[in-house]
$ cat data22.txt   # compact mmCIF, C-alpha atoms
# COMPACT_ATOMS: atom_id res chain seq x y z
CA MET A 178 -6.89 -5.50 -40.01
CA GLY A 179 -7.63 -4.07 -36.64
CA CYS A 180 -6.22 -1.12 -34.83
CA ALA A 181 -4.26 -1.44 -31.63
CA SER A 182 -2.55 0.94 -29.31
CA SER A 183 0.15 0.37 -26.77
CA ALA A 184 -0.64 0.25 -23.09
CA ARG A 185 -0.78 3.53 -21.21
CA ASP A 186 2.57 4.58 -19.79
CA THR A 187 2.11 4.54 -16.01
CA THR A 188 5.68 5.54 -15.15
CA GLY A 189 5.67 8.04 -12.31
CA PHE A 190 2.11 7.34 -11.14
CA ALA A 191 3.28 5.75 -7.87
CA VAL A 192 4.35 7.79 -4.85
CA SER A 193 7.16 6.27 -2.79
CA GLU A 194 8.29 7.14 0.74
CA SER A 195 11.27 5.56 2.55
CA ALA A 196 12.73 5.64 6.03
CA THR A 197 15.30 3.74 8.06
CA VAL A 198 14.16 2.66 11.51
CA GLY A 199 16.14 1.43 14.48
CA ALA A 200 14.70 -2.06 14.68
CA PRO A 201 15.89 -5.44 13.44
CA PHE A 202 14.15 -6.94 10.41
CA GLU A 203 11.92 -9.33 12.39
CA GLN A 204 10.62 -6.60 14.72
CA ALA A 205 10.04 -4.21 11.81
CA TRP A 206 8.16 -6.93 9.88
CA GLN A 207 5.92 -7.71 12.87
CA THR A 208 5.26 -3.99 13.43
CA VAL A 209 4.27 -3.43 9.78
CA LYS A 210 1.99 -6.47 9.96
CA ALA A 211 0.31 -5.15 13.13
CA ALA A 212 -0.13 -1.65 11.65
CA LEU A 213 -1.76 -3.02 8.50
CA ARG A 214 -4.00 -5.45 10.39
CA GLU A 215 -5.23 -2.61 12.61
CA ARG A 216 -6.22 -0.63 9.52
CA GLU A 217 -8.35 -3.59 8.35
CA LYS A 218 -10.88 -2.90 11.09
CA PRO A 219 -12.64 0.01 9.30
CA ASN A 220 -13.55 -2.58 6.61
CA LYS A 221 -12.30 -0.51 3.64
CA PHE A 222 -8.74 -1.78 3.98
CA GLU A 223 -7.63 -5.29 2.99
CA VAL A 224 -4.21 -6.87 3.41
CA TYR A 225 -3.82 -8.78 0.16
CA THR A 226 -0.32 -10.30 0.50
CA ARG A 227 1.99 -10.92 3.43
CA ASP A 228 5.37 -12.22 2.33
CA LYS A 229 7.90 -13.18 5.00
CA ARG A 230 10.65 -11.90 2.71
CA GLY A 231 9.46 -8.41 3.65
CA ILE A 232 6.72 -7.43 1.20
CA PHE A 233 3.15 -6.47 2.04
CA VAL A 234 0.47 -5.52 -0.48
CA ALA A 235 -2.74 -3.94 0.80
CA HIS A 236 -5.71 -2.25 -0.83
CA GLU A 237 -7.90 0.55 0.49
CA SER A 238 -11.26 1.02 -1.19
CA THR A 239 -11.92 4.66 -2.06
CA GLY A 240 -15.44 4.22 -3.37
CA ARG A 241 -16.69 4.67 -6.90
CA GLN A 242 -16.12 7.32 -9.53
CA ALA A 243 -19.27 8.60 -11.24
CA PHE A 244 -21.26 6.03 -9.19
CA VAL A 245 -20.01 3.24 -11.48
CA VAL A 246 -16.23 2.75 -11.61
CA PRO A 247 -14.71 1.26 -8.41
CA SER A 248 -11.39 2.72 -7.30
CA ARG A 249 -8.81 1.86 -4.67
CA ILE A 250 -5.34 2.72 -3.43
CA GLN A 251 -2.72 -0.01 -3.50
CA TYR A 252 -0.06 0.10 -0.78
CA THR A 253 3.14 -1.88 -1.27
CA VAL A 254 5.25 -1.93 1.89
CA THR A 255 8.77 -3.32 1.64
CA VAL A 256 10.90 -4.13 4.70
CA GLU A 257 14.63 -4.67 4.12
CA PRO A 258 17.45 -5.27 6.59
CA ALA A 259 19.75 -2.22 6.77
CA GLY A 260 22.25 -3.47 9.32
CA GLU A 261 22.17 -5.50 12.51
CA ASN A 262 19.64 -3.34 14.34
CA ALA A 263 18.14 -1.31 11.51
CA SER A 264 15.61 -1.82 8.75
CA LYS A 265 14.64 0.18 5.71
CA LEU A 266 10.91 0.69 5.13
CA THR A 267 9.52 1.73 1.76
CA VAL A 268 5.84 2.53 1.25
CA GLU A 269 4.67 2.86 -2.35
CA THR A 270 1.12 4.00 -3.09
CA ILE A 271 -0.74 4.07 -6.37
CA ARG A 272 -4.36 4.83 -7.23
CA GLN A 273 -6.17 2.21 -9.30
CA VAL A 274 -9.52 2.10 -11.11
CA TYR A 275 -11.33 -0.99 -12.34
CA GLY A 276 -12.18 -1.00 -15.98
CA VAL A 277 -12.05 -2.57 -19.39
CA THR A 278 -11.38 -1.29 -22.88
CA LEU A 279 -11.85 -2.95 -26.22
CA LEU A 280 -8.21 -4.07 -26.13
CA THR A 281 -7.87 -5.23 -22.52
CA TYR A 282 -9.39 -7.70 -20.13
CA PRO A 283 -11.26 -6.38 -17.09
CA GLY A 284 -8.83 -5.44 -14.36
CA TRP A 285 -7.29 -2.76 -12.19
CA HIS A 286 -5.53 0.06 -14.03
CA ASP A 287 -3.00 2.44 -12.46
CA ARG A 288 -3.72 6.15 -12.26
CA PRO A 289 -1.79 9.09 -10.72
CA MET A 290 -2.16 9.52 -6.96
CA LYS A 291 -4.47 12.35 -5.91
CA GLN A 292 -3.56 12.09 -2.21
CA PRO A 293 0.23 11.67 -1.93
CA ASP A 294 0.13 11.90 1.87
CA LYS A 295 -1.52 8.44 2.26
CA GLY A 296 1.85 6.66 2.16
CA GLN A 297 3.41 9.24 4.46
CA GLN A 298 0.67 8.64 7.04
CA LEU A 299 1.22 4.87 7.00
CA LEU A 300 5.01 5.27 7.24
CA ALA A 301 4.66 7.72 10.16
CA ASP A 302 2.32 5.29 11.94
CA ILE A 303 4.82 2.43 11.57
CA GLN A 304 7.71 4.64 12.74
CA ALA A 305 5.72 5.71 15.81
CA ARG A 306 4.96 2.09 16.67
CA ILE A 307 8.63 1.13 16.40
CA ALA A 308 9.65 4.12 18.53
CA GLY A 309 7.09 2.94 21.11
CA GLY A 310 8.96 -0.37 21.33
CA SER A 311 6.09 -2.75 20.64
CA PRO A 312 4.30 -3.84 17.47
CA GLU A 313 0.98 -3.43 19.27
CA ALA A 314 1.81 0.01 20.71
CA ASP A 315 -1.17 2.27 20.24
CA THR A 316 0.60 5.56 19.61
CA LYS A 317 -0.26 8.37 17.27
CA ALA A 318 2.07 9.56 14.52
CA PRO A 319 4.29 12.50 15.48
CA ALA A 320 3.07 15.88 14.30

$ encode --input "data22.txt" --output "structure tokens"
Amino acid sequence: MGCASSARDTTGFAVSESATVGAPFEQAWQTVKAALREREKPNKFEVYTRDKRGIFVAHESTGRQAFVVPSRIQYTVTVEPAGENASKLTVETIRQVYGVTLLTYPGWHDRPMKQPDKGQQLLADIQARIAGGSPEADTKAPA
């Protein structure tokens, strides 16, 4: 007989931020796409999934812990219609580390966020772009 333990409870590890913006769904989706693609340029940010139903998943590499274990932040951005000319944006962030135990396959494991303002920064950037009126507007987030 072997010993086994249940998976680690990761409830509450993610940090979620929401806002309603004054833009129709299509414009909000295009603006989120542009904001994420612009963040890809520093080369530590990768847009993993773009779903036309309004879901984006992106990963930002945060380096390695103890020079060995890779870590990243996963961003899940959801765009939902909230009326004729409004959309609801939700940005969920979670820190992940790559690892393996005797009971699991190698993979990314969720950990509590150390920098909860990462999602807030992305949401503020998207809101500023929508307020500017163009998905490609190069505006800074309001202070």

$ atom_distance --input "data22.txt" --atom1 "atom CA of A:Val256" --atom2 "atom CA of A:Arg214"
16.0 Å

$ residues_around --input "data22.txt" --residues "A:Leu299" --least-positions-apart "4" --cutoff "9 Å" --atoms "all atoms listed in the file" --output "list in words"
Ala212, Leu213, Val268, Asp294, Lys295, Ile303, Gln304 and Ala318 of chain A

$ residues_around --input "data22.txt" --residues "A:Phe190" --least-positions-apart "2" --cutoff "9 Å" --atoms "all atoms listed in the file" --output "MDAnalysis selection string"
chainID A and resid 187:188 192 270:272 287:290

$ write_last_selection --input "data22.txt" --atoms "C-alpha atoms" --output "mmCIF file, in the coordinates of the input"
data_model
loop_
_atom_site.group_PDB
_atom_site.id
_atom_site.type_symbol
_atom_site.label_atom_id
_atom_site.label_comp_id
_atom_site.auth_asym_id
_atom_site.auth_seq_id
_atom_site.Cartn_x
_atom_site.Cartn_y
_atom_site.Cartn_z
ATOM 1 C CA THR A 187 2.110 4.540 -16.010
ATOM 2 C CA THR A 188 5.680 5.540 -15.150
ATOM 3 C CA VAL A 192 4.350 7.790 -4.850
ATOM 4 C CA THR A 270 1.120 4.000 -3.090
ATOM 5 C CA ILE A 271 -0.740 4.070 -6.370
ATOM 6 C CA ARG A 272 -4.360 4.830 -7.230
ATOM 7 C CA ASP A 287 -3.000 2.440 -12.460
ATOM 8 C CA ARG A 288 -3.720 6.150 -12.260
ATOM 9 C CA PRO A 289 -1.790 9.090 -10.720
ATOM 10 C CA MET A 290 -2.160 9.520 -6.960
#

$ residues_around --input "data22.txt" --residues "stretch 201-206 of chain A" --least-positions-apart "6" --cutoff "8 Å" --atoms "all atoms listed in the file" --output "ChimeraX atom specification"
/A:229,231,256-258,260-264,307,312

$ atom_distance --input "data22.txt" --atom1 "atom CA of A:Glu194" --atom2 "atom CA of A:Gly276"
27.7 Å

$ residues_around --input "data22.txt" --residues "A:Gln273" --least-positions-apart "3" --cutoff "7 Å" --atoms "all atoms listed in the file" --output "ChimeraX atom specification"
/A:248-250,285-288

$ closest_residue --input "data22.txt" --among "A:Gly240, A:Thr253, A:Ala305, A:Leu300" --to "A:Val274" --atoms "all atoms listed in the file"
A:Gly240
